[in-house]
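Source file: input-v7.txt; contents: compact mmCIF, C-alpha atoms.
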```
# COMPACT_ATOMS: atom_id res chain seq x y z
CA MET A 1 20.16 93.55 -80.29
CA LYS A 2 22.59 94.62 -77.61
CA ARG A 3 21.49 91.63 -75.50
CA PHE A 4 22.09 89.32 -78.41
CA ILE A 5 25.62 90.68 -79.00
CA ILE A 6 26.62 90.41 -75.36
CA ILE A 7 25.32 86.89 -74.91
CA THR A 8 26.98 85.81 -78.15
CA LEU A 9 30.30 87.35 -77.11
CA GLY A 10 30.04 85.56 -73.79
CA ALA A 11 29.41 82.28 -75.55
CA PHE A 12 32.43 82.76 -77.84
CA LEU A 13 34.68 83.58 -74.92
CA SER A 14 33.55 80.43 -73.17
CA LEU A 15 34.63 78.43 -76.18
CA ALA A 16 38.08 80.00 -76.26
CA PRO A 17 40.68 77.30 -75.61
CA PRO A 18 42.59 77.51 -72.38
CA ALA A 19 46.02 79.02 -72.66
CA VAL A 20 47.76 75.97 -71.13
CA ALA A 21 50.01 74.57 -73.89
CA GLN A 22 49.54 71.04 -75.20
CA ALA A 23 51.85 68.63 -73.40
CA GLY A 24 54.16 68.23 -76.41
CA LEU A 25 57.60 66.85 -75.78
CA GLN A 26 60.84 68.68 -76.37
CA ILE A 27 62.21 65.60 -78.14
CA ASP A 28 59.56 66.15 -80.86
CA SER A 29 62.03 68.65 -82.31
CA LEU A 30 64.37 65.78 -83.18
CA PHE A 31 61.62 63.93 -85.05
CA ASN A 32 60.77 67.15 -86.88
CA GLY A 33 64.29 67.40 -88.26
CA ALA A 34 65.55 70.14 -85.94
CA ILE A 35 69.05 68.68 -85.72
CA VAL A 36 69.83 66.55 -88.73
CA PRO A 37 68.05 66.56 -92.07
CA ALA A 38 65.77 63.65 -92.90
CA SER A 39 68.18 62.46 -95.61
CA THR A 40 70.85 61.52 -93.06
CA ILE A 41 68.55 59.84 -90.58
CA THR A 42 67.49 56.21 -90.53
CA GLU A 43 63.85 56.38 -89.54
CA SER A 44 61.26 53.70 -88.91
CA VAL A 45 57.59 54.33 -88.40
CA VAL A 46 55.21 51.49 -87.68
CA SER A 47 51.55 51.78 -86.80
CA GLY A 48 48.39 49.80 -87.06
CA LYS A 49 47.62 46.13 -86.67
CA GLU A 50 51.26 45.02 -86.97
CA LEU A 51 51.81 46.41 -83.49
CA LYS A 52 48.65 45.01 -81.96
CA SER A 53 50.29 41.92 -80.51
CA TYR A 54 52.80 44.16 -78.73
CA ASN A 55 50.04 46.31 -77.16
CA LEU A 56 51.41 49.26 -79.12
CA ASP A 57 49.68 51.46 -81.64
CA TYR A 58 52.58 53.66 -82.76
CA PHE A 59 56.32 53.11 -83.03
CA ARG A 60 58.80 55.64 -84.35
CA SER A 61 62.55 55.36 -84.31
CA VAL A 62 65.33 57.60 -85.57
CA ARG A 63 69.00 56.72 -85.69
CA PHE A 64 71.87 58.85 -86.89
CA LYS A 65 75.55 59.60 -86.43
CA ALA A 66 75.79 62.56 -84.07
CA THR A 67 78.36 65.12 -83.04
CA ASP A 68 78.95 65.97 -79.38
CA ALA A 69 77.09 69.26 -79.80
CA GLU A 70 74.07 67.47 -81.30
CA ILE A 71 74.12 64.93 -78.50
CA ASP A 72 74.20 67.71 -75.90
CA ARG A 73 71.20 69.32 -77.52
CA ILE A 74 69.24 66.06 -77.50
CA ILE A 75 70.18 65.48 -73.87
CA SER A 76 68.91 68.93 -72.90
CA TRP A 77 65.55 68.16 -74.51
CA LEU A 78 65.36 64.81 -72.74
CA GLU A 79 66.17 66.36 -69.40
CA VAL A 80 63.31 68.80 -69.76
CA ASP A 81 60.96 66.03 -70.84
CA ALA A 82 62.10 63.94 -67.87
CA LEU A 83 60.60 66.53 -65.56
CA VAL A 84 57.11 65.55 -66.61
CA ALA A 85 57.84 61.83 -66.91
CA VAL A 86 56.12 59.52 -64.44
CA ASN A 87 58.99 57.06 -64.59
CA LYS A 88 62.52 57.58 -65.75
CA GLU A 89 65.51 55.36 -66.17
CA MET A 90 68.53 57.48 -67.01
CA ASP A 91 72.12 56.38 -66.95
CA SER A 92 75.26 58.39 -67.64
CA GLU A 93 78.83 57.62 -68.52
CA GLU A 94 81.58 60.15 -67.94
CA GLY A 95 78.94 62.65 -66.96
CA LYS A 96 77.02 62.37 -70.20
CA LEU A 97 73.57 60.76 -70.57
CA VAL A 98 73.98 57.56 -72.57
CA TYR A 99 70.67 55.84 -71.92
CA ALA A 100 67.17 56.96 -71.04
CA LEU A 101 63.76 55.37 -70.94
CA LEU A 102 61.02 57.82 -70.02
CA SER A 103 57.37 57.02 -69.38
CA PHE A 104 54.81 59.78 -69.65
CA PRO A 105 51.33 60.08 -68.19
CA ALA A 106 48.74 57.98 -69.95
CA ASP A 107 46.46 59.83 -72.31
CA ARG A 108 43.16 58.04 -72.92
CA ASN A 109 44.65 54.73 -71.76
CA ARG A 110 47.63 55.10 -74.07
CA ASN A 111 51.02 55.16 -72.42
CA LYS A 112 53.81 57.12 -74.05
CA TYR A 113 57.49 56.26 -73.94
CA VAL A 114 60.66 57.82 -75.20
CA GLY A 115 63.83 55.79 -75.38
CA TYR A 116 67.33 57.12 -76.03
CA GLN A 117 70.70 55.49 -76.35
CA ILE A 118 74.18 56.20 -77.67
CA LYS A 119 76.29 53.50 -79.23
CA GLU A 120 79.90 54.01 -80.17
CA VAL A 121 80.84 52.23 -83.38
CA SER A 122 84.39 52.53 -84.80
CA GLY A 123 84.93 55.80 -82.98
CA SER A 124 81.65 57.37 -84.14
CA LYS A 125 78.66 57.98 -81.92
CA PHE A 126 75.27 56.80 -83.09
CA VAL A 127 72.16 58.07 -81.38
CA THR A 128 68.87 56.16 -81.41
CA VAL A 129 65.68 57.72 -80.14
CA VAL A 130 62.39 55.84 -80.11
CA TYR A 131 58.89 57.10 -79.42
CA LEU A 132 56.12 54.61 -78.64
CA THR A 133 52.50 54.84 -77.66
CA GLY A 134 50.07 52.14 -76.67
CA LYS A 135 48.68 50.12 -73.82
CA ALA A 136 52.00 48.37 -73.32
CA SER A 137 53.43 48.66 -69.83
CA LEU A 138 57.05 49.20 -68.95
CA SER A 139 57.35 45.46 -68.34
CA ASP A 140 56.04 44.82 -71.87
CA LEU A 141 58.73 47.10 -73.32
CA LYS A 142 61.42 45.21 -71.47
CA VAL A 143 60.34 42.08 -73.27
CA ILE A 144 59.93 43.69 -76.69
CA PHE A 145 63.45 45.10 -76.88
CA LYS A 146 66.60 43.03 -76.65
CA HIS A 147 68.68 43.75 -73.57
CA ARG A 148 72.17 45.17 -73.88
CA MET B 149 18.19 93.30 -68.91
CA MET B 150 21.03 94.45 -66.68
CA LYS B 151 20.94 91.11 -64.91
CA LYS B 152 21.51 89.30 -68.20
CA ILE B 153 24.40 91.58 -69.17
CA ILE B 154 26.00 91.04 -65.80
CA ILE B 155 25.60 87.23 -66.01
CA ALA B 156 27.13 87.17 -69.53
CA ALA B 157 30.01 89.32 -68.39
CA ILE B 158 30.61 87.12 -65.35
CA ILE B 159 30.69 84.02 -67.58
CA ALA B 160 33.12 85.69 -70.01
CA ALA B 161 35.27 86.95 -67.17
CA THR B 162 35.35 83.54 -65.51
CA PHE B 163 36.71 81.79 -68.58
CA THR B 164 39.08 84.64 -69.28
CA SER B 165 40.40 84.44 -65.75
CA VAL B 166 40.85 80.67 -66.20
CA ASP B 167 42.89 81.40 -69.31
CA VAL B 168 44.96 83.96 -67.47
CA PHE B 169 45.41 81.62 -64.53
CA ALA B 170 46.40 78.84 -66.91
CA GLN B 171 48.91 81.17 -68.59
CA GLU B 172 50.35 82.04 -65.19
CA ARG B 173 50.62 78.33 -64.38
CA ALA B 174 52.37 77.69 -67.69
CA ASP B 175 54.82 80.51 -66.99
CA THR B 176 55.46 79.13 -63.51
CA VAL B 177 56.09 75.65 -64.87
CA LYS B 178 58.47 77.07 -67.50
CA ASN B 179 60.34 79.02 -64.84
CA LYS B 180 60.60 75.98 -62.60
CA ALA B 181 61.82 73.92 -65.55
CA ALA B 182 64.47 76.53 -66.22
CA ASP B 183 65.52 76.45 -62.55
CA VAL B 184 65.79 72.67 -62.54
CA THR B 185 67.61 72.66 -65.89
CA SER B 186 70.23 74.97 -64.47
CA GLN B 187 70.46 72.72 -61.42
CA ILE B 188 70.97 69.73 -63.70
CA ASP B 189 73.77 71.63 -65.47
CA THR B 190 75.36 72.21 -62.09
CA ILE B 191 75.07 68.58 -61.13
CA ARG B 192 76.47 67.51 -64.51
CA ILE B 193 79.54 69.64 -64.02
CA GLN B 194 80.08 68.10 -60.61
CA ILE B 195 80.15 64.48 -61.87
CA PRO B 196 83.83 63.52 -62.19
CA SER B 197 85.00 62.30 -65.58
CA GLY B 198 85.61 58.59 -66.08
CA SER B 199 82.69 57.63 -63.89
CA SER B 200 79.75 55.48 -64.98
CA ASP B 201 76.33 55.70 -63.43
CA ARG B 202 74.68 52.59 -64.84
CA LYS B 203 71.76 51.67 -62.61
CA HIS B 204 69.34 50.06 -65.04
CA VAL B 205 69.16 47.18 -67.46
CA HIS B 206 69.59 48.79 -70.84
CA LEU B 207 67.22 47.95 -73.62
CA ASP B 208 68.64 47.97 -77.13
CA PHE B 209 66.42 50.36 -79.05
CA ASP B 210 68.09 49.26 -82.29
CA ILE B 211 66.53 45.81 -81.93
CA PRO B 212 62.78 46.10 -81.32
CA PHE B 213 60.22 43.30 -81.42
CA TYR B 214 62.97 40.90 -80.39
CA ASN B 215 60.64 38.78 -78.25
CA LYS B 216 58.55 37.83 -81.26
CA ILE B 217 61.54 36.31 -83.00
CA LYS B 218 62.54 34.59 -79.82
CA LYS B 219 59.09 33.26 -79.01
CA THR B 220 57.32 32.10 -82.10
CA GLY B 221 60.10 30.93 -84.31
CA THR B 222 58.80 28.88 -87.20
CA SER B 223 56.10 26.33 -87.77
CA ALA B 224 55.82 23.74 -90.48
CA VAL B 225 53.98 20.59 -91.42
CA VAL B 226 56.50 17.79 -91.79
CA GLY B 227 56.21 14.16 -92.63
CA ALA B 228 57.86 11.57 -90.43
CA MET B 229 58.09 7.90 -91.27
CA GLY B 230 59.96 4.93 -90.01
CA VAL B 231 60.35 1.20 -90.35
CA GLY B 232 61.52 -1.09 -87.61
CA ALA B 233 61.65 -4.56 -86.12
CA ILE B 234 59.22 -5.53 -83.35
CA PHE B 235 60.42 -7.39 -80.27
CA SER B 236 58.14 -8.91 -77.68
CA ASN B 237 58.29 -10.70 -74.34
CA SER B 238 55.69 -13.23 -75.37
CA SER B 239 56.47 -16.77 -74.31
CA ALA B 240 56.21 -20.00 -76.31
CA PRO B 241 54.29 -21.09 -78.25
CA LEU B 242 53.44 -17.43 -79.00
CA ASP B 243 57.06 -16.43 -79.56
CA PHE B 244 57.11 -13.74 -82.21
CA SER B 245 60.45 -13.38 -83.97
CA PRO B 246 61.89 -9.93 -84.74
CA GLN B 247 62.99 -11.16 -88.17
CA ASN B 248 59.36 -11.78 -89.06
CA SER B 249 57.88 -8.88 -87.14
CA LEU B 250 58.01 -5.47 -88.73
CA GLU B 251 56.22 -2.18 -88.33
CA PHE B 252 55.86 0.81 -90.59
CA TYR B 253 54.57 4.19 -89.50
CA TYR B 254 53.89 7.55 -91.10
CA TYR B 255 53.06 10.73 -89.17
CA ALA B 256 51.93 14.05 -90.67
CA LEU B 257 53.21 16.42 -88.02
CA ASP B 258 52.41 20.06 -87.35
CA SER B 259 55.69 21.31 -85.93
CA HIS B 260 56.30 24.51 -84.03
CA THR B 261 59.88 25.57 -83.42
CA TYR B 262 60.85 27.98 -80.64
CA THR B 263 63.92 29.59 -79.16
CA HIS B 264 66.36 29.95 -82.02
CA GLY B 265 65.29 26.62 -83.49
CA HIS B 266 66.32 24.41 -80.55
CA ASN B 267 62.93 23.34 -79.24
CA THR B 268 60.18 21.89 -81.41
CA PHE B 269 56.75 20.62 -80.47
CA SER B 270 55.02 18.37 -82.97
CA PHE B 271 51.71 16.61 -83.12
CA GLY B 272 49.47 15.32 -85.82
CA PRO B 273 47.73 12.28 -87.27
CA GLY B 274 49.53 9.15 -88.32
CA ILE B 275 49.12 5.53 -89.27
CA THR B 276 51.00 2.40 -88.25
CA PHE B 277 51.01 -1.09 -89.74
CA ARG B 278 52.31 -3.85 -87.48
CA ASN B 279 53.02 -7.45 -88.44
CA LEU B 280 54.07 -9.90 -85.76
CA GLY B 281 55.20 -13.28 -87.14
CA LEU B 282 55.57 -16.59 -85.38
CA THR B 283 58.59 -18.85 -85.74
CA GLY B 284 58.73 -22.60 -86.06
CA GLY B 285 55.71 -24.55 -87.13
CA ASN B 286 53.21 -22.88 -84.81
CA ALA B 287 50.23 -20.93 -86.11
CA MET B 288 47.60 -18.73 -84.54
CA SER B 289 43.93 -19.20 -85.19
CA MET B 290 40.64 -18.08 -83.71
CA ALA B 291 38.17 -20.46 -82.12
CA GLU B 292 34.43 -19.96 -82.24
CA ASN B 293 34.42 -18.50 -78.74
CA GLY B 294 37.01 -15.91 -79.80
CA GLN B 295 39.91 -17.50 -77.98
CA ILE B 296 43.23 -17.54 -79.81
CA PRO B 297 44.92 -20.93 -79.65
CA VAL B 298 48.53 -21.24 -80.80
CA ALA B 299 49.41 -24.74 -81.94
CA PRO B 300 51.44 -26.60 -84.56
CA PHE B 301 49.84 -26.04 -87.96
CA GLN B 302 48.13 -29.11 -89.36
CA GLY B 303 46.75 -27.94 -92.70
CA GLY B 304 49.89 -28.03 -94.83
CA ALA B 305 53.40 -26.63 -95.04
CA LEU B 306 53.20 -23.44 -93.03
CA LYS B 307 55.08 -20.51 -94.47
CA VAL B 308 54.17 -17.87 -91.89
CA SER B 309 51.55 -17.10 -89.27
CA LYS B 310 51.18 -13.34 -88.68
CA LEU B 311 49.22 -11.08 -86.41
CA ARG B 312 48.43 -7.83 -88.25
CA VAL B 313 47.30 -4.67 -86.48
CA PHE B 314 46.41 -1.38 -88.13
CA SER B 315 46.39 1.77 -85.98
CA LEU B 316 45.57 5.42 -86.32
CA ASN B 317 48.06 7.42 -84.25
CA VAL B 318 48.35 10.77 -82.56
CA PRO B 319 51.99 11.36 -81.69
CA ILE B 320 52.71 14.25 -79.32
CA LEU B 321 56.43 14.83 -79.61
CA TYR B 322 59.09 17.16 -78.22
CA SER B 323 62.33 17.58 -80.11
CA PHE B 324 65.53 19.27 -79.08
CA SER B 325 68.16 20.21 -81.61
CA PHE B 326 71.80 20.51 -80.65
CA GLY B 327 72.51 22.09 -84.01
CA GLY B 328 74.04 20.69 -87.18
CA GLY B 329 71.13 18.30 -87.68
CA PHE B 330 71.71 16.44 -84.38
CA GLY B 331 69.17 16.14 -81.61
CA PHE B 332 66.55 13.92 -80.06
CA THR B 333 62.79 13.47 -80.04
CA LEU B 334 60.59 11.93 -77.40
CA GLY B 335 56.98 11.70 -76.44
CA PRO B 336 53.87 9.54 -76.28
CA VAL B 337 52.10 8.09 -79.28
CA VAL B 338 48.42 7.43 -78.77
CA ASN B 339 47.20 4.51 -80.87
CA LEU B 340 43.66 3.87 -81.97
CA ASN B 341 43.89 0.20 -82.98
CA THR B 342 41.15 -0.01 -85.55
CA GLY B 343 41.72 -3.44 -87.02
CA SER B 344 43.49 -6.71 -86.32
CA SER B 345 43.69 -10.00 -88.15
CA ILE B 346 45.57 -13.29 -88.24
CA VAL B 347 46.92 -14.49 -91.58
CA ASN B 348 48.36 -17.95 -92.06
CA LYS B 349 50.14 -18.56 -95.37
CA TYR B 350 50.89 -22.13 -96.28
CA SER B 351 51.16 -24.43 -99.22
CA LEU B 352 49.04 -27.52 -99.75
CA ASP B 353 49.75 -29.99 -102.53
CA GLY B 354 51.82 -27.38 -104.35
CA ASP B 355 49.19 -24.63 -104.08
CA LYS B 356 49.71 -21.45 -102.12
CA MET B 357 46.98 -21.03 -99.53
CA LYS B 358 46.01 -18.34 -97.08
CA ASP B 359 43.68 -18.42 -94.07
CA LYS B 360 42.54 -15.14 -92.59
CA TYR B 361 40.80 -14.46 -89.30
CA LYS B 362 39.42 -10.89 -88.87
CA ARG B 363 38.73 -8.88 -85.69
CA VAL B 364 40.95 -10.93 -83.46
CA HIS B 365 40.40 -8.78 -80.36
CA CYS B 366 42.96 -6.03 -80.08
CA ASN B 367 42.65 -3.35 -77.42
CA ILE B 368 41.18 -0.23 -78.97
CA ILE B 369 43.43 2.37 -77.36
CA THR B 370 47.05 1.92 -76.36
CA VAL B 371 49.83 4.41 -75.72
CA ASP B 372 53.45 3.93 -76.72
CA ALA B 373 56.51 5.81 -75.51
CA MET B 374 58.77 6.92 -78.34
CA PHE B 375 62.38 8.03 -78.31
CA GLN B 376 64.29 9.03 -81.41
CA LEU B 377 67.92 9.97 -81.88
CA ASN B 378 68.16 12.46 -84.73
CA LEU B 379 71.33 12.24 -86.73
CA LYS B 380 72.15 14.50 -89.62
CA TYR B 381 70.67 12.44 -92.45
CA PHE B 382 68.44 9.92 -90.67
CA SER B 383 67.13 9.01 -87.23
CA ILE B 384 67.12 5.91 -85.08
CA TYR B 385 63.94 5.36 -83.09
CA ALA B 386 62.79 3.11 -80.30
CA LYS B 387 59.20 2.61 -79.22
CA TYR B 388 57.99 0.83 -76.13
CA SER B 389 54.40 -0.36 -75.70
CA PRO B 390 53.77 -0.86 -72.00
CA MET B 391 50.11 -1.68 -72.58
CA ASN B 392 48.72 -4.94 -73.92
CA LEU B 393 48.15 -4.63 -77.64
CA MET B 394 45.74 -7.60 -77.64
CA ASP B 395 42.81 -8.22 -75.31
CA LYS B 396 44.04 -10.52 -72.51
CA LYS B 397 40.60 -12.13 -72.33
CA TYR B 398 41.42 -13.90 -75.58
CA TRP B 399 45.20 -13.61 -75.88
CA PRO B 400 48.15 -14.38 -73.68
CA GLU B 401 49.61 -11.19 -72.21
CA PHE B 402 52.66 -9.74 -73.90
CA ASN B 403 54.36 -6.40 -74.45
CA THR B 404 56.21 -5.20 -77.49
CA TRP B 405 58.94 -2.74 -78.30
CA SER B 406 60.37 -1.77 -81.63
CA ILE B 407 63.64 -0.36 -82.92
CA GLY B 408 64.07 1.05 -86.36
CA ILE B 409 65.19 3.75 -88.72
CA ALA B 410 63.36 6.92 -89.65
CA PRO B 411 64.76 8.29 -92.89
CA PHE B 412 62.94 11.60 -92.36
```
For the file at hand, write its structure as C-alpha cells.
Amino acid sequence: MKRFIIITLGAFLSLAPPAVAQAGLQIDSLFNGAIVPASTITESVVSGKELKSYNLDYFRSVRFKATDAEIDRIISWLEVDALVAVNKEMDSEEGKLVYALLSFPADRNRNKYVGYQIKEVSGSKFVTVVYLTGKASLSDLKVIFKHR
Amino acid sequence: MMKKIIIAAIIAATFTSVDVFAQERADTVKNKAADVTSQIDTIRIQIPSGSSDRKHVHLDFDIPFYNKIKKTGTSAVVGAMGVGAIFSNSSAPLDFSPQNSLEFYYYALDSHTYTHGHNTFSFGPGITFRNLGLTGGNAMSMAENGQIPVAPFQGGALKVSKLRVFSLNVPILYSFSFGGGFGFTLGPVVNLNTGSSIVNKYSLDGDKMKDKYKRVHCNIITVDAMFQLNLKYFSIYAKYSPMNLMDKKYWPEFNTWSIGIAPF
C-alpha cells in the first residue's frame, strides 16, 4: 500500500505543469477590455476560410479614440511585448511610439503579429491595434495592408 | 522496496526542481524586463521633442486585405458585337468593293478587370460572317478542279457575286480604360474558318436566279489583329488579316482589313 501511494504521488508530480507562464502578450489586456469598454471600441474579428487566401487563420482589430494616458499604457505593453518579438518595426514621433509591427516566434508553424498605429483626426487621436496569426510572412503582411 | 521509494522520490524531486528552476527563470526574465523597461523610460525622456524617428514603411492597419481589392477587381461575361466594311488588296478582276463587302461579328467575352478598373483581359468564343462582293460584271465560280476563275458573267444580268466565309473565333483581348468610358482594346483574334461559299445572284428573263458553290477552299485557321477605340457610347474597330483567308492553291493571294463600329 505504501509503495502504491508513493509511486502514485510520483506519477502525479511528474504530470504537474511547469511553472513557466504561457507566453501571453501584454497587449492581450487591450483586447480584454482593460482600457476602454467594448461599447466604445470598433472591433473586427475574422477567422476561418475567408482568411485562407491571405495565409492567415485569425485576424482581430480594435480601434478607438484614446487619451494620452491610455496611449501611454498601450505603449508600455507593446514595449514589453517587443522584448520577446523576433522582429520589430517601431517608429516614434515627438518621443512617443506612433507605429509598431511586431513579429513573435512561430508556434506550430503559425506566425503571430501585433500591429499598432495612432492616427490624428480633427485633433483626436485614434489608436488601432491588430493581432494576426497564420502562415503569412512579414512580406505577405506588407502586401495585405495598404501603405501609409 | 527502499530502492523503489528512492526512485519515485528522485522522479518527483526532478520534476519539482524543474518547476522551481522554471519559476526562477520566469522571475529572472521578469526582472530583466523591468530593467529594460526602465531603460526604455530613460531613453524616451532623452529623445528631444519635435523629432520624428520614422525608419519603416508604415502599413495602414485600418485598411486590411487591400491587395485583394487591388488585384482581383471584377469579372464579368460581356457581349461584344460589331459591323464593318471589308477592304482588300486584291487586284482585278478579283477586286472586292468595300460597299459590297461587309462583316458582322459577335463575341461572348469573359472579362476580368484589374487595378481599379483600368486593365481588362477578355477572351471567349465568337462568330464572324464575312461577305466579300465583286464590282462590275465579273463573277466568281468554281471549276471542276477546284480552281476559282473570275470572269465576266455570261448567264444573265448579274446582280452580285459574293464570297461568303463563316468563322468561329477566339478573341484574346486587352483593354485599357482611361476613365469616363474612354479607352482602347487590342489583341489577336483566332479564326476557325469553318465554311466558305460563292453566291452569284442574277436575273434571267425576268426571274431572280442564284448559283451557289460550296466549300470554295478557305484556309482553316487564320489570325487577325484587332484594335478598337472605345468611346463613351460606342467603339470604332479596325481588324487586319495578315494571313490569306483563301487557299492560294485555288485563289489569287489577297489580304483584307476591316473598319467598323461596335455598338457594345
Check: What separation in Å, quoted to one decimal, exists between CA of Tyr350 (chain B) and CA of Phe301 (chain B)?
Finding: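 One can read the CA of Tyr350 (chain B) to CA of Phe301 (chain B) distance as 9.3 Å.
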Check: In Å to one decimal, how far is CA of Val231 (chain B) from CA of Trp399 (chain B)?
Finding: 25.7 Å
Check: Pick from A:Arg108, A:Lys88, A:Lys146, A:Lys119: nearest to chain B, with only C-alpha atoms counted?
Finding: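 For chain B, the nearest of the candidates is A:Lys146.
Note that the spacing between CA of Leu321 (chain B) and CA of Ser383 (chain B) amounts to 14.4 Å.
Using all atoms listed in the file for every distance, the candidate list A:Ile41, A:Leu102, A:Ile74, A:Leu56 yields A:Ile74 as the residue closest to Ser29 (chain A).
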Margin query: Ranking B:Phe269, B:Ala299, B:Asn341, B:His206 by minimum distance to Leu141 (chain A) and counting only C-alpha atoms, which one comes first?
Written below: B:His206
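Minimum distance to Arg73 (chain A) across A:Val114, A:Leu30, A:Val129, A:Ile144 (counting all atoms listed in the file) occurs at A:Leu30.
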Margin query: List the spatial neighbours of region 357-373 of chain B as an MDAnalysis selection string - criterion: any atom at most 8 Å away, all atoms listed in the file, same-chain residues fewer than 3 positions off excluded.
Written below: chainID B and resid 289:290 294 296 313 334:352 387:395 398
Report as a short mmCIF file (atom, residue, chain, number, x, y, z; two decimals) with C-alpha atoms, in the frame of the given file all protein, DNA and RNA residues lying within 6 Å of region 232-241 of chain B, evaluated on all atoms listed in the file, omitting residues in the same chain fewer than 5 positions from it.
```cif
data_model
loop_
_atom_site.label_atom_id
_atom_site.label_comp_id
_atom_site.auth_asym_id
_atom_site.auth_seq_id
_atom_site.Cartn_x
_atom_site.Cartn_y
_atom_site.Cartn_z
CA PRO B 246 61.89 -9.93 -84.74
CA SER B 249 57.88 -8.88 -87.14
CA LEU B 250 58.01 -5.47 -88.73
CA GLU B 251 56.22 -2.18 -88.33
CA PHE B 402 52.66 -9.74 -73.90
CA ASN B 403 54.36 -6.40 -74.45
CA THR B 404 56.21 -5.20 -77.49
CA TRP B 405 58.94 -2.74 -78.30
CA SER B 406 60.37 -1.77 -81.63
CA ILE B 407 63.64 -0.36 -82.92
CA GLY B 408 64.07 1.05 -86.36
#
```
Could you put an axis-aligned box around every listed atom of region 83-91 of chain A, padded by 6 Å on each side, and send me its centre and edge lengths in Å to one decimal, as JSON?
```
{"center_x": 64.1, "center_y": 60.9, "center_z": -65.7, "size_x": 28.0, "size_y": 23.2, "size_z": 14.6}
```
Notebook entry, point to check: If you count all atoms listed in the file, which residues fall within 10 Å of Gly134 (chain A), apart from same-chain ones fewer than 5 positions away, as a list in words?
Noted result: Leu51, Lys52, Tyr54, Asn55, Leu56, Asp57, Tyr58, Phe59, Ala106, Asp107, Arg108, Asn109, Arg110, Asn111, Lys112 and Tyr113 of chain A
Checklist line | All residues 12 Å or closer to Ser53 (chain A), all atoms listed in the file, same chain fewer than 5 positions away omitted, as number ranges by chain | finding: A: 47-48, 134-136, 140, 144; B: 213, 215-216
Selection from above, C-alpha atoms, as a PDB file, in the frame of the given file, can you write it?
```
ATOM      1  CA  SER A  47      51.550  51.780 -86.800  1.00  0.00           C
ATOM      2  CA  GLY A  48      48.390  49.800 -87.060  1.00  0.00           C
ATOM      3  CA  GLY A 134      50.070  52.140 -76.670  1.00  0.00           C
ATOM      4  CA  LYS A 135      48.680  50.120 -73.820  1.00  0.00           C
ATOM      5  CA  ALA A 136      52.000  48.370 -73.320  1.00  0.00           C
ATOM      6  CA  ASP A 140      56.040  44.820 -71.870  1.00  0.00           C
ATOM      7  CA  ILE A 144      59.930  43.690 -76.690  1.00  0.00           C
TER       8      ILE A 144
ATOM      9  CA  PHE B 213      60.220  43.300 -81.420  1.00  0.00           C
ATOM     10  CA  ASN B 215      60.640  38.780 -78.250  1.00  0.00           C
ATOM     11  CA  LYS B 216      58.550  37.830 -81.260  1.00  0.00           C
TER      12      LYS B 216
END
```
Note to self: My list of candidates is B:Lys356, B:Asp243, B:Tyr322, B:Gly274. Which is closest to Gly303 (chain B) when distances are computed with all atoms listed in the file?
What the structure shows: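 Closest to Gly303 (chain B) of all the choices is B:Lys356.
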Check: Between A:Lys96, A:Arg60, A:Lys49, A:His147, which has the minimum distance to Ile118 (chain A) (counting all atoms listed in the file)?
Finding: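 Of A:Lys96, A:Arg60, A:Lys49, A:His147, the one nearest Ile118 (chain A), counting all atoms listed in the file, is A:Lys96.
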